[in-house]
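J.: What follows is input.csv, CSV, C-alpha atoms.
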```csv
chain,number,residue,atom,x,y,z
I,1,MET,CA,53.4,1.6,-34.7
I,2,SER,CA,52.1,5.1,-34.3
I,3,ARG,CA,53.3,8.7,-33.8
I,4,THR,CA,51.5,11.1,-31.6
I,5,LEU,CA,50.1,14.1,-33.4
I,6,PRO,CA,49.4,17.5,-31.8
I,7,ARG,CA,45.8,17.9,-30.7
I,8,ALA,CA,44.0,19.3,-33.6
I,9,THR,CA,42.4,22.8,-33.2
I,10,GLU,CA,39.7,24.1,-35.4
I,11,SER,CA,42.1,26.4,-37.2
I,12,ARG,CA,44.6,23.6,-37.8
I,13,ALA,CA,41.9,21.2,-39.1
I,14,GLU,CA,40.9,23.8,-41.6
I,15,ARG,CA,44.4,24.3,-43.0
I,16,PRO,CA,45.1,22.2,-46.2
I,17,ALA,CA,47.7,19.6,-46.5
I,18,LEU,CA,50.6,20.9,-48.6
I,19,ILE,CA,52.2,18.6,-51.2
I,20,VAL,CA,55.4,19.5,-52.9
I,21,GLY,CA,55.7,17.6,-56.2
I,22,GLY,CA,53.1,16.9,-58.8
I,23,GLY,CA,54.1,13.5,-60.2
I,24,VAL,CA,52.1,10.3,-59.7
I,25,ALA,CA,53.2,10.1,-56.0
I,26,GLY,CA,52.0,13.7,-55.2
I,27,LEU,CA,48.9,13.6,-57.3
I,28,ALA,CA,47.8,10.2,-55.9
I,29,LEU,CA,48.4,11.2,-52.3
I,30,GLY,CA,46.5,14.5,-52.9
I,31,TRP,CA,43.6,12.6,-54.4
I,32,ARG,CA,43.4,10.2,-51.5
I,33,LEU,CA,43.4,13.1,-49.0
I,34,LEU,CA,40.8,15.0,-50.9
I,35,CYS,CA,38.6,11.9,-51.0
I,36,ALA,CA,38.9,11.7,-47.2
I,37,GLY,CA,37.7,15.3,-46.9
I,38,ARG,CA,41.0,17.0,-46.4
I,39,GLY,CA,41.9,20.2,-48.4
I,40,VAL,CA,45.0,19.9,-50.5
I,41,HIS,CA,47.3,22.5,-52.1
I,42,LEU,CA,49.8,20.9,-54.5
I,43,PHE,CA,52.9,22.8,-55.7
I,44,GLU,CA,54.6,21.7,-58.9
I,45,ARG,CA,57.7,23.3,-60.3
I,46,ASP,CA,56.7,22.6,-63.9
I,47,ARG,CA,53.6,20.9,-65.2
I,48,ALA,CA,52.0,18.2,-63.1
I,49,GLY,CA,53.1,14.7,-64.1
I,50,ARG,CA,55.5,15.7,-66.8
I,51,GLY,CA,58.7,14.6,-65.1
I,52,ALA,CA,59.7,11.0,-64.3
I,53,SER,CA,56.0,9.9,-64.3
I,54,TRP,CA,55.6,11.0,-67.9
I,55,ALA,CA,58.7,9.2,-68.9
I,56,ALA,CA,57.9,5.9,-67.2
I,57,ALA,CA,57.0,2.6,-69.0
I,58,GLY,CA,54.3,1.8,-66.5
I,59,MET,CA,55.2,-1.8,-65.8
I,60,LEU,CA,53.6,-3.3,-62.7
I,61,ALA,CA,55.8,-6.3,-62.1
I,62,PRO,CA,56.8,-7.2,-58.6
I,63,ASP,CA,57.7,-10.7,-59.5
I,64,ALA,CA,60.0,-9.5,-62.3
I,65,GLU,CA,61.7,-7.0,-59.9
I,66,ILE,CA,62.0,-9.3,-56.9
I,67,GLY,CA,65.6,-9.2,-55.5
I,68,PHE,CA,67.4,-11.7,-53.4
I,69,GLU,CA,67.9,-9.2,-50.6
I,70,ASP,CA,64.7,-7.1,-50.7
I,71,PRO,CA,61.9,-9.2,-49.1
I,72,GLU,CA,60.2,-6.2,-47.5
I,73,LEU,CA,60.1,-4.2,-50.8
I,74,TYR,CA,58.8,-7.3,-52.6
I,75,ARG,CA,55.9,-7.6,-50.0
I,76,LEU,CA,55.1,-4.0,-50.5
I,77,ASN,CA,55.2,-4.3,-54.3
I,78,ARG,CA,52.9,-7.4,-54.2
I,79,GLU,CA,50.4,-5.6,-51.9
I,80,SER,CA,50.3,-2.6,-54.2
I,81,LEU,CA,49.7,-4.8,-57.2
I,82,ARG,CA,46.8,-6.4,-55.3
I,83,ARG,CA,45.3,-3.0,-54.8
I,84,TRP,CA,45.8,-1.9,-58.4
I,85,PRO,CA,42.5,-3.1,-59.9
I,86,SER,CA,40.4,-1.2,-57.3
I,87,PHE,CA,42.7,1.8,-57.5
I,88,ALA,CA,42.3,1.9,-61.3
I,89,ALA,CA,38.5,1.4,-61.2
I,90,ALA,CA,38.1,4.2,-58.6
I,91,LEU,CA,40.3,6.6,-60.6
I,92,LYS,CA,38.4,5.9,-63.8
I,93,ALA,CA,35.1,6.5,-62.0
I,94,GLU,CA,36.3,9.8,-60.6
I,95,SER,CA,38.2,11.1,-63.6
I,96,ASP,CA,36.4,9.4,-66.6
I,97,VAL,CA,39.9,8.8,-68.0
I,98,GLU,CA,41.1,5.3,-68.9
I,99,THR,CA,44.5,4.5,-67.3
I,100,GLY,CA,45.4,1.7,-69.7
I,101,PHE,CA,45.7,-0.7,-66.7
I,102,ARG,CA,45.9,-4.3,-68.0
I,103,GLU,CA,46.6,-7.7,-66.6
I,104,GLY,CA,48.3,-9.9,-69.1
I,105,GLY,CA,51.6,-11.3,-67.9
I,106,ALA,CA,55.1,-11.0,-69.1
I,107,LEU,CA,57.7,-13.2,-70.7
I,108,HIS,CA,61.4,-13.1,-69.6
I,109,VAL,CA,63.5,-14.2,-72.5
I,110,ALA,CA,67.2,-15.3,-72.3
I,111,PRO,CA,68.9,-14.8,-75.6
I,112,ASP,CA,72.0,-16.9,-74.9
I,113,ARG,CA,73.3,-19.6,-72.6
I,114,ASP,CA,74.8,-17.4,-69.9
I,115,ALA,CA,71.5,-15.4,-69.7
I,116,ALA,CA,69.6,-18.7,-69.5
I,117,GLU,CA,71.7,-19.9,-66.5
I,118,ALA,CA,71.0,-16.6,-64.8
I,119,LEU,CA,67.3,-16.8,-65.6
I,120,ARG,CA,67.2,-20.4,-64.2
I,121,ARG,CA,68.7,-19.2,-60.9
I,122,ARG,CA,66.1,-16.5,-60.7
I,123,TYR,CA,63.3,-19.0,-61.6
I,124,ASP,CA,64.5,-21.4,-58.8
I,125,PHE,CA,64.6,-18.5,-56.3
I,126,MET,CA,61.1,-17.3,-57.4
I,127,LYS,CA,59.7,-20.8,-57.1
I,128,ALA,CA,61.2,-21.2,-53.6
I,129,GLN,CA,59.3,-18.0,-52.7
I,130,GLY,CA,56.1,-19.6,-53.8
I,131,LEU,CA,55.6,-17.4,-56.8
I,132,ASN,CA,53.4,-18.2,-59.8
I,133,VAL,CA,56.0,-18.5,-62.5
I,134,GLN,CA,56.4,-21.0,-65.3
I,135,TRP,CA,59.4,-22.3,-67.2
I,136,LEU,CA,58.3,-22.6,-70.8
I,137,SER,CA,59.5,-24.6,-73.8
I,138,THR,CA,60.1,-22.6,-77.0
I,139,ALA,CA,56.8,-23.9,-78.5
I,140,GLU,CA,54.8,-22.9,-75.4
I,141,ALA,CA,56.4,-19.5,-75.3
I,142,LEU,CA,55.7,-18.8,-79.0
I,143,ASP,CA,52.1,-19.9,-78.5
I,144,ILE,CA,51.7,-17.2,-75.9
I,145,GLU,CA,53.7,-14.5,-77.7
I,146,PRO,CA,54.6,-15.2,-81.4
I,147,PHE,CA,56.7,-12.1,-81.7
I,148,ILE,CA,59.6,-13.2,-79.5
I,149,THR,CA,62.7,-14.7,-81.1
I,150,SER,CA,62.1,-18.2,-82.5
I,151,ARG,CA,65.3,-19.4,-80.9
I,152,PRO,CA,65.4,-18.3,-77.3
I,153,ALA,CA,67.8,-19.9,-74.9
I,154,ALA,CA,65.2,-20.0,-72.2
I,155,VAL,CA,61.8,-18.4,-71.4
I,156,LEU,CA,60.1,-17.7,-68.0
I,157,TYR,CA,56.5,-16.6,-67.9
I,158,SER,CA,55.1,-14.5,-65.1
I,159,PRO,CA,51.3,-14.4,-65.5
I,160,THR,CA,50.6,-11.9,-62.8
I,161,ASP,CA,52.7,-9.1,-64.2
I,162,SER,CA,50.5,-6.1,-65.3
I,163,GLN,CA,51.0,-2.7,-66.8
I,164,VAL,CA,49.5,0.8,-67.0
I,165,ASP,CA,49.8,3.6,-69.5
I,166,ALA,CA,51.9,6.1,-67.5
I,167,ARG,CA,50.8,9.1,-69.4
I,168,ALA,CA,47.1,8.1,-69.2
I,169,LEU,CA,47.5,7.6,-65.5
I,170,VAL,CA,49.0,11.1,-65.0
I,171,LYS,CA,46.0,12.6,-66.9
I,172,ALA,CA,43.5,10.6,-64.8
I,173,LEU,CA,45.1,11.5,-61.5
I,174,ARG,CA,45.3,15.2,-62.5
I,175,ALA,CA,41.6,15.2,-63.5
I,176,ALA,CA,40.6,13.3,-60.4
I,177,PHE,CA,42.6,15.7,-58.2
I,178,LEU,CA,40.9,18.7,-59.6
I,179,GLN,CA,37.5,17.1,-59.7
I,180,ALA,CA,37.8,16.4,-56.0
I,181,GLY,CA,38.5,20.1,-55.3
I,182,GLY,CA,42.3,20.1,-55.0
I,183,VAL,CA,44.3,23.3,-55.6
I,184,LEU,CA,47.0,22.7,-58.2
I,185,ARG,CA,49.8,25.3,-58.3
I,186,GLU,CA,51.7,24.5,-61.5
I,187,GLY,CA,54.8,26.5,-62.4
I,188,THR,CA,55.4,27.2,-58.7
I,189,PRO,CA,58.7,25.9,-57.4
I,190,VAL,CA,59.1,25.6,-53.7
I,191,ARG,CA,62.3,27.0,-52.2
I,192,ALA,CA,62.0,26.0,-48.6
I,193,VAL,CA,59.9,24.1,-46.0
I,194,GLU,CA,59.4,25.4,-42.5
I,195,PRO,CA,58.8,22.3,-40.2
I,196,ASP,CA,56.4,22.9,-37.3
I,197,ALA,CA,54.2,20.5,-35.4
I,198,GLU,CA,51.2,22.8,-35.6
I,199,ALA,CA,51.5,24.9,-38.7
I,200,PRO,CA,54.3,23.7,-41.1
I,201,ALA,CA,54.7,25.9,-44.2
I,202,VAL,CA,56.3,26.1,-47.6
I,203,VAL,CA,58.0,29.1,-49.1
I,204,THR,CA,57.9,29.4,-52.9
I,205,GLU,CA,60.7,30.8,-55.1
I,206,ASP,CA,58.7,34.0,-55.3
I,207,GLY,CA,58.8,34.3,-51.5
I,208,GLU,CA,55.1,33.4,-50.9
I,209,ARG,CA,54.7,31.6,-47.6
I,210,VAL,CA,51.8,29.1,-47.3
I,211,ALA,CA,51.0,27.4,-44.0
I,212,GLY,CA,49.2,24.1,-43.8
I,213,SER,CA,48.3,21.1,-41.6
I,214,CYS,CA,51.3,19.1,-42.9
I,215,VAL,CA,53.9,19.2,-45.7
I,216,ALA,CA,54.4,16.2,-47.9
I,217,LEU,CA,57.6,16.0,-50.0
I,218,ALA,CA,56.9,14.1,-53.2
I,219,MET,CA,59.5,15.8,-55.4
I,220,GLY,CA,61.1,12.7,-57.0
I,221,ALA,CA,64.7,13.3,-58.0
I,222,TRP,CA,64.5,16.8,-56.7
I,223,SER,CA,63.7,15.8,-53.1
I,224,HIS,CA,67.2,16.5,-51.8
I,225,GLY,CA,68.4,20.0,-51.1
I,226,LEU,CA,65.2,21.7,-50.1
I,227,GLN,CA,66.0,24.6,-47.7
I,228,GLY,CA,64.7,24.4,-44.2
I,229,LEU,CA,65.6,20.8,-43.5
I,230,ALA,CA,68.7,20.0,-41.5
I,231,PRO,CA,71.3,18.0,-43.4
I,232,ASP,CA,70.5,14.8,-41.5
I,233,ARG,CA,66.8,15.2,-42.4
I,234,GLN,CA,67.2,15.7,-46.1
I,235,PRO,CA,65.9,12.6,-48.0
I,236,PRO,CA,69.0,11.1,-49.7
I,237,VAL,CA,67.6,10.9,-53.2
I,238,ARG,CA,69.5,11.2,-56.4
I,239,PRO,CA,68.5,11.1,-60.1
I,240,VAL,CA,69.2,7.9,-62.2
I,241,ARG,CA,68.6,8.5,-65.9
I,242,GLY,CA,66.5,6.2,-68.0
I,243,GLN,CA,66.3,6.5,-71.8
I,244,MET,CA,63.3,5.3,-73.7
I,245,ILE,CA,62.3,4.6,-77.3
I,246,GLU,CA,58.8,4.7,-78.6
I,247,LEU,CA,58.0,2.7,-81.7
I,248,GLN,CA,55.0,2.7,-84.0
I,249,VAL,CA,53.4,-0.7,-84.6
I,250,GLU,CA,52.9,-1.7,-88.2
I,251,PRO,CA,51.4,-5.0,-89.4
I,252,PRO,CA,52.1,-7.8,-89.3
I,253,PHE,CA,53.9,-6.9,-86.0
I,254,GLY,CA,51.5,-7.3,-83.0
I,255,LEU,CA,53.2,-7.8,-79.7
I,256,GLN,CA,50.7,-8.5,-77.0
I,257,HIS,CA,52.8,-9.0,-73.8
I,258,VAL,CA,55.6,-7.3,-72.1
I,259,VAL,CA,58.8,-9.1,-73.1
I,260,ARG,CA,61.9,-8.6,-70.9
I,261,SER,CA,65.5,-9.7,-70.8
I,262,ALA,CA,68.0,-8.9,-68.0
I,263,HIS,CA,68.9,-5.6,-69.6
I,264,THR,CA,65.8,-4.4,-71.6
I,265,TYR,CA,62.1,-4.7,-72.3
I,266,ALA,CA,59.4,-4.1,-74.9
I,267,ALA,CA,56.0,-3.0,-73.6
I,268,PRO,CA,53.0,-2.7,-75.9
I,269,LYS,CA,50.7,0.3,-75.2
I,270,PRO,CA,47.4,1.5,-76.5
I,271,GLY,CA,47.3,3.4,-79.8
I,272,GLY,CA,49.7,1.0,-81.6
I,273,ARG,CA,52.8,1.9,-79.6
I,274,VAL,CA,55.6,-0.1,-78.2
I,275,LEU,CA,58.0,1.3,-75.6
I,276,VAL,CA,61.6,0.0,-75.5
I,277,GLY,CA,63.7,0.8,-72.5
I,278,ALA,CA,65.4,1.6,-70.4
I,279,THR,CA,68.9,2.5,-69.4
I,280,MET,CA,70.1,3.1,-65.8
I,281,GLU,CA,72.7,5.8,-65.8
I,282,GLU,CA,74.3,7.8,-63.0
I,283,MET,CA,74.5,11.1,-64.9
I,284,GLY,CA,73.1,13.6,-62.4
I,285,PHE,CA,70.4,15.8,-63.7
I,286,ASP,CA,71.4,15.3,-67.3
I,287,ALA,CA,68.2,14.2,-69.1
I,288,ARG,CA,69.6,14.1,-72.7
I,289,VAL,CA,69.1,11.2,-75.0
I,290,THR,CA,72.4,9.7,-76.2
I,291,ALA,CA,73.6,7.7,-79.1
I,292,GLY,CA,75.2,5.2,-76.8
I,293,GLY,CA,72.0,4.7,-74.8
I,294,LEU,CA,69.9,4.1,-77.9
I,295,TYR,CA,72.4,1.7,-79.3
I,296,ALA,CA,72.5,-0.3,-76.1
I,297,MET,CA,68.7,-0.7,-75.9
I,298,LEU,CA,68.3,-1.5,-79.6
I,299,GLU,CA,71.1,-4.0,-79.5
I,300,GLU,CA,69.5,-5.9,-76.6
I,301,ILE,CA,65.8,-5.7,-77.7
I,302,ARG,CA,66.6,-7.1,-81.2
I,303,LYS,CA,67.9,-10.3,-79.6
I,304,ILE,CA,64.5,-11.1,-78.0
I,305,VAL,CA,62.0,-9.3,-80.2
I,306,PRO,CA,63.6,-9.2,-83.6
I,307,GLY,CA,60.5,-7.7,-85.3
I,308,VAL,CA,61.2,-4.3,-83.8
I,309,ASP,CA,63.8,-3.8,-86.7
I,310,ASP,CA,61.1,-2.8,-89.1
I,311,LEU,CA,59.1,-0.4,-86.8
I,312,PRO,CA,59.4,3.3,-87.3
I,313,VAL,CA,60.6,5.4,-84.3
I,314,ARG,CA,57.8,7.7,-83.0
I,315,ASP,CA,59.7,9.4,-80.1
I,316,LEU,CA,62.7,9.3,-77.9
I,317,TRP,CA,63.1,10.7,-74.3
I,318,ALA,CA,64.9,10.3,-71.0
I,319,GLY,CA,63.5,10.5,-67.5
I,320,LEU,CA,65.2,10.9,-64.1
I,321,ARG,CA,64.2,8.1,-61.6
I,322,PRO,CA,64.4,9.1,-57.9
I,323,ALA,CA,66.7,6.7,-56.2
I,324,SER,CA,67.3,6.7,-52.5
I,325,ARG,CA,70.7,5.6,-51.0
I,326,ASP,CA,69.5,2.0,-50.5
I,327,HIS,CA,67.2,2.0,-53.6
I,328,LEU,CA,64.1,1.6,-51.3
I,329,PRO,CA,61.2,4.1,-51.1
I,330,ILE,CA,61.1,6.8,-48.4
I,331,LEU,CA,57.5,6.8,-47.0
I,332,GLY,CA,55.9,8.4,-44.0
I,333,PRO,CA,56.8,10.8,-41.2
I,334,SER,CA,60.2,12.3,-40.9
I,335,SER,CA,61.7,13.7,-37.6
I,336,ALA,CA,61.1,17.2,-39.0
I,337,PRO,CA,57.8,18.2,-37.3
I,338,GLY,CA,54.9,18.3,-39.7
I,339,VAL,CA,56.9,16.9,-42.6
I,340,VAL,CA,56.1,13.6,-44.3
I,341,MET,CA,57.7,12.0,-47.3
I,342,ALA,CA,56.6,10.0,-50.4
I,343,THR,CA,59.7,9.8,-52.6
I,344,GLY,CA,62.7,7.6,-53.5
I,345,PHE,CA,60.6,5.2,-55.6
I,346,PHE,CA,63.4,4.4,-58.1
I,347,ARG,CA,61.9,1.9,-60.6
I,348,HIS,CA,58.7,1.3,-58.7
I,349,GLY,CA,56.8,4.6,-58.8
I,350,MET,CA,53.9,3.4,-60.9
I,351,LEU,CA,53.6,0.0,-59.1
I,352,LEU,CA,53.6,1.6,-55.7
I,353,ALA,CA,51.1,4.3,-56.4
I,354,PRO,CA,48.1,2.6,-54.7
I,355,VAL,CA,49.8,1.4,-51.5
I,356,ALA,CA,52.0,4.5,-51.0
I,357,SER,CA,49.2,7.0,-51.5
I,358,GLU,CA,46.8,5.1,-49.3
I,359,GLU,CA,49.2,4.4,-46.4
I,360,VAL,CA,50.9,7.8,-46.4
I,361,ALA,CA,47.4,9.4,-46.5
I,362,ARG,CA,46.4,7.2,-43.6
I,363,TYR,CA,49.3,8.6,-41.5
I,364,VAL,CA,48.4,12.2,-42.4
I,365,LEU,CA,44.8,11.7,-41.4
I,366,THR,CA,45.2,9.5,-38.3
I,367,GLY,CA,48.8,9.8,-37.1
I,368,GLU,CA,49.2,6.0,-37.4
I,369,THR,CA,52.1,4.5,-39.3
I,370,SER,CA,51.0,1.2,-40.8
I,371,ALA,CA,53.1,-1.9,-41.0
I,372,TRP,CA,53.2,-1.6,-44.7
I,373,ILE,CA,55.4,1.6,-44.7
I,374,ALA,CA,57.1,1.1,-41.3
I,375,PRO,CA,60.2,-0.5,-43.0
I,376,PHE,CA,60.6,2.5,-45.3
I,377,LEU,CA,60.4,5.5,-42.9
I,378,PRO,CA,62.9,8.3,-43.4
I,379,GLU,CA,64.4,7.8,-40.0
I,380,ARG,CA,66.5,4.8,-41.2
I,381,PHE,CA,68.8,7.3,-42.9
I,382,GLU,CA,68.8,9.7,-39.9
I,383,ALA,CA,69.8,6.8,-37.6
I,384,ALA,CA,72.7,5.9,-39.9
I,385,LEU,CA,74.1,9.4,-39.5
I,386,ALA,CA,73.7,9.5,-35.7
```
Mind turning the file's structure into structure tokens?
T.:
Amino acid sequence: MSRTLPRATESRAERPALIVGGGVAGLALGWRLLCAGRGVHLFERDRAGRGASWAAAGMLAPDAEIGFEDPELYRLNRESLRRWPSFAAALKAESDVETGFREGGALHVAPDRDAAEALRRRYDFMKAQGLNVQWLSTAEALDIEPFITSRPAAVLYSPTDSQVDARALVKALRAAFLQAGGVLREGTPVRAVEPDAEAPAVVTEDGERVAGSCVALAMGAWSHGLQGLAPDRQPPVRPVRGQMIELQVEPPFGLQHVVRSAHTYAAPKPGGRVLVGATMEEMGFDARVTAGGLYAMLEEIRKIVPGVDDLPVRDLWAGLRPASRDHLPILGPSSAPGVVMATGFFRHGMLLAPVASEEVARYVLTGETSAWIAPFLPERFEAALA
């Protein structure tokens, strides 16, 4: 499927792409466009990458996230995971910053009988889809990861699950974006967008108007409510709070794999850190850490990785995931002329970075909407309101 773009004039071709939002989505899209020779100005309300991207655990786990009713999202997630090794390698070569990308698999641990029955249903569904997952005995599971509980009710192993260090990824993308010649406008909130087929523009909070060749909205949880877009063209994105605990590893503890249950996870990171997360709370833009959230996470993680009891707490934080109305990403051209979107990633922002940035950049550069992002176009919400 494709959309017809206006015939480019020399002046339009010389105008930069304008990206609003400097998280992983905006930085990756900007880097892709710069690598293709397009100028890019990126506007970030605060510091680039210090919002939901900075708060993320960085798990790249399409098999763990597969849903019974989301086959198109699963296909997109799998394709993005396939692209991750080359994405990480290119980013390292450009930025000279390690992203912490690692392929090592994950264990899904059920702490009790009810959880084991639910995990068995998920395993049967995953096997029916042809996924590479394994049902392990306790001895097999402990051989892979000795720091899980010694008495699990059930363990599933997903060897293809991977992860990245989210904060290292942010630093790498920012460095690569600047190295490629991108203009980064940090501390510059955008108040409004002016759709136009030839010269769309953004207006900053200070009243500065900047015209470009296109405007890409990558504002995460703040994507809804930008002035200049009609109500039926606003991306229906809301914040979902996720709280996180960072623990400091001390011997003899040495978790090597991501360990998950239905409600929590522990993810080892470089530098002797383990991240424990994360809540999912409909609290608007309240990004405070709460006693209840911490208690819920610790209560769950102790059931599957009991060794965390003795680890000191390094840090606590909360991030705001950008969730769309149907919890699927919003990618590609909107019906507002000159405006494209890369938002609504919910729990999949890190995982989808390669495919979303490449396919949205392809549309910006060629006017062609690929089959990968066609199911996630903004128009699905506009049609629902018609």
J.: Give me, please, the distance in Å between atom CA of Phe147 of chain I and atom CA of Pro111 of chain I, quoted to one decimal.
T.: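 Distance reported for this atom pair: 13.9 Å.
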J.: Of the candidates I:Gly58, I:Pro251, I:Pro159, I:Gly220, which shows the shortest atom-to-atom distance to Tyr265 of chain I, using only C-alpha atoms?
T.: I:Gly58
J.: Counting only C-alpha atoms, select every polymer residue within 10 Å of (73.9, 11.3, -69.3) as defined in the file's coordinates, and provide the selection as a list in words.
T.: Val240, Arg241, Gly242, Gln243, Met280, Glu281, Glu282, Met283, Gly284, Phe285, Asp286, Ala287, Arg288, Val289, Thr290, Gly292, Gly293 and Ala318 of chain I
J.: Output as a tab-separated table one row per residue of segment 333-368 of chain I within 9 Å of segment 37-55 of chain I: the closest atom pair and its distance in Å to one decimal place, counting only C-alpha atoms, sorted by chain and residue number ascending.
T.:
```
residue	atom	partner	partner_atom	distance
I:Gly349	CA	I:Ser53	CA	7.7
I:Met350	CA	I:Ser53	CA	7.6
I:Leu365	CA	I:Arg38	CA	8.2
```
J.: Kindly give the distance, in Å, that separates atom CA of Arg380 of chain I and atom CA of Ala218 of chain I, rounded to a single decimal.
T.: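 For atom CA of Arg380 of chain I relative to atom CA of Ala218 of chain I, the distance reads 18.0 Å.
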J.: Using all atoms listed in the file, which residue out of I:Tyr157, I:Tyr74, I:Tyr363, I:Phe87 lies closest to Gly104 of chain I?
T.: I:Tyr157
J.: Determine the nearest neighbour of Phe253 of chain I from the options I:Leu311, I:Ala153, I:Ala166, I:Val193, counting only C-alpha atoms.
T.: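 Closest candidate: I:Leu311.
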J.: I:Gly212, I:Pro195, I:Gly271, I:Pro375: which is nearest Gly338 of chain I, counting all atoms listed in the file?
T.: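 For Gly338 of chain I, the nearest of the candidates is I:Pro195.
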J.: Go through I:Val210, I:Val109, I:Leu91, I:Ala216 one by one, measure the shortest atom-to-atom distance of each to Ile148 of chain I using only C-alpha atoms, and give the residue with the smallest value.
T.: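 Answer, going by the shortest atom-to-atom distance: I:Val109.
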J.: So the first atom is atom CA of Glu359 of chain I and the second is atom CA of Asp161 of chain I; what is the distance between them in Å, to one decimal place?
T.: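 Taking atom CA of Glu359 of chain I as the start and atom CA of Asp161 of chain I as the end point, the length is 22.6 Å.
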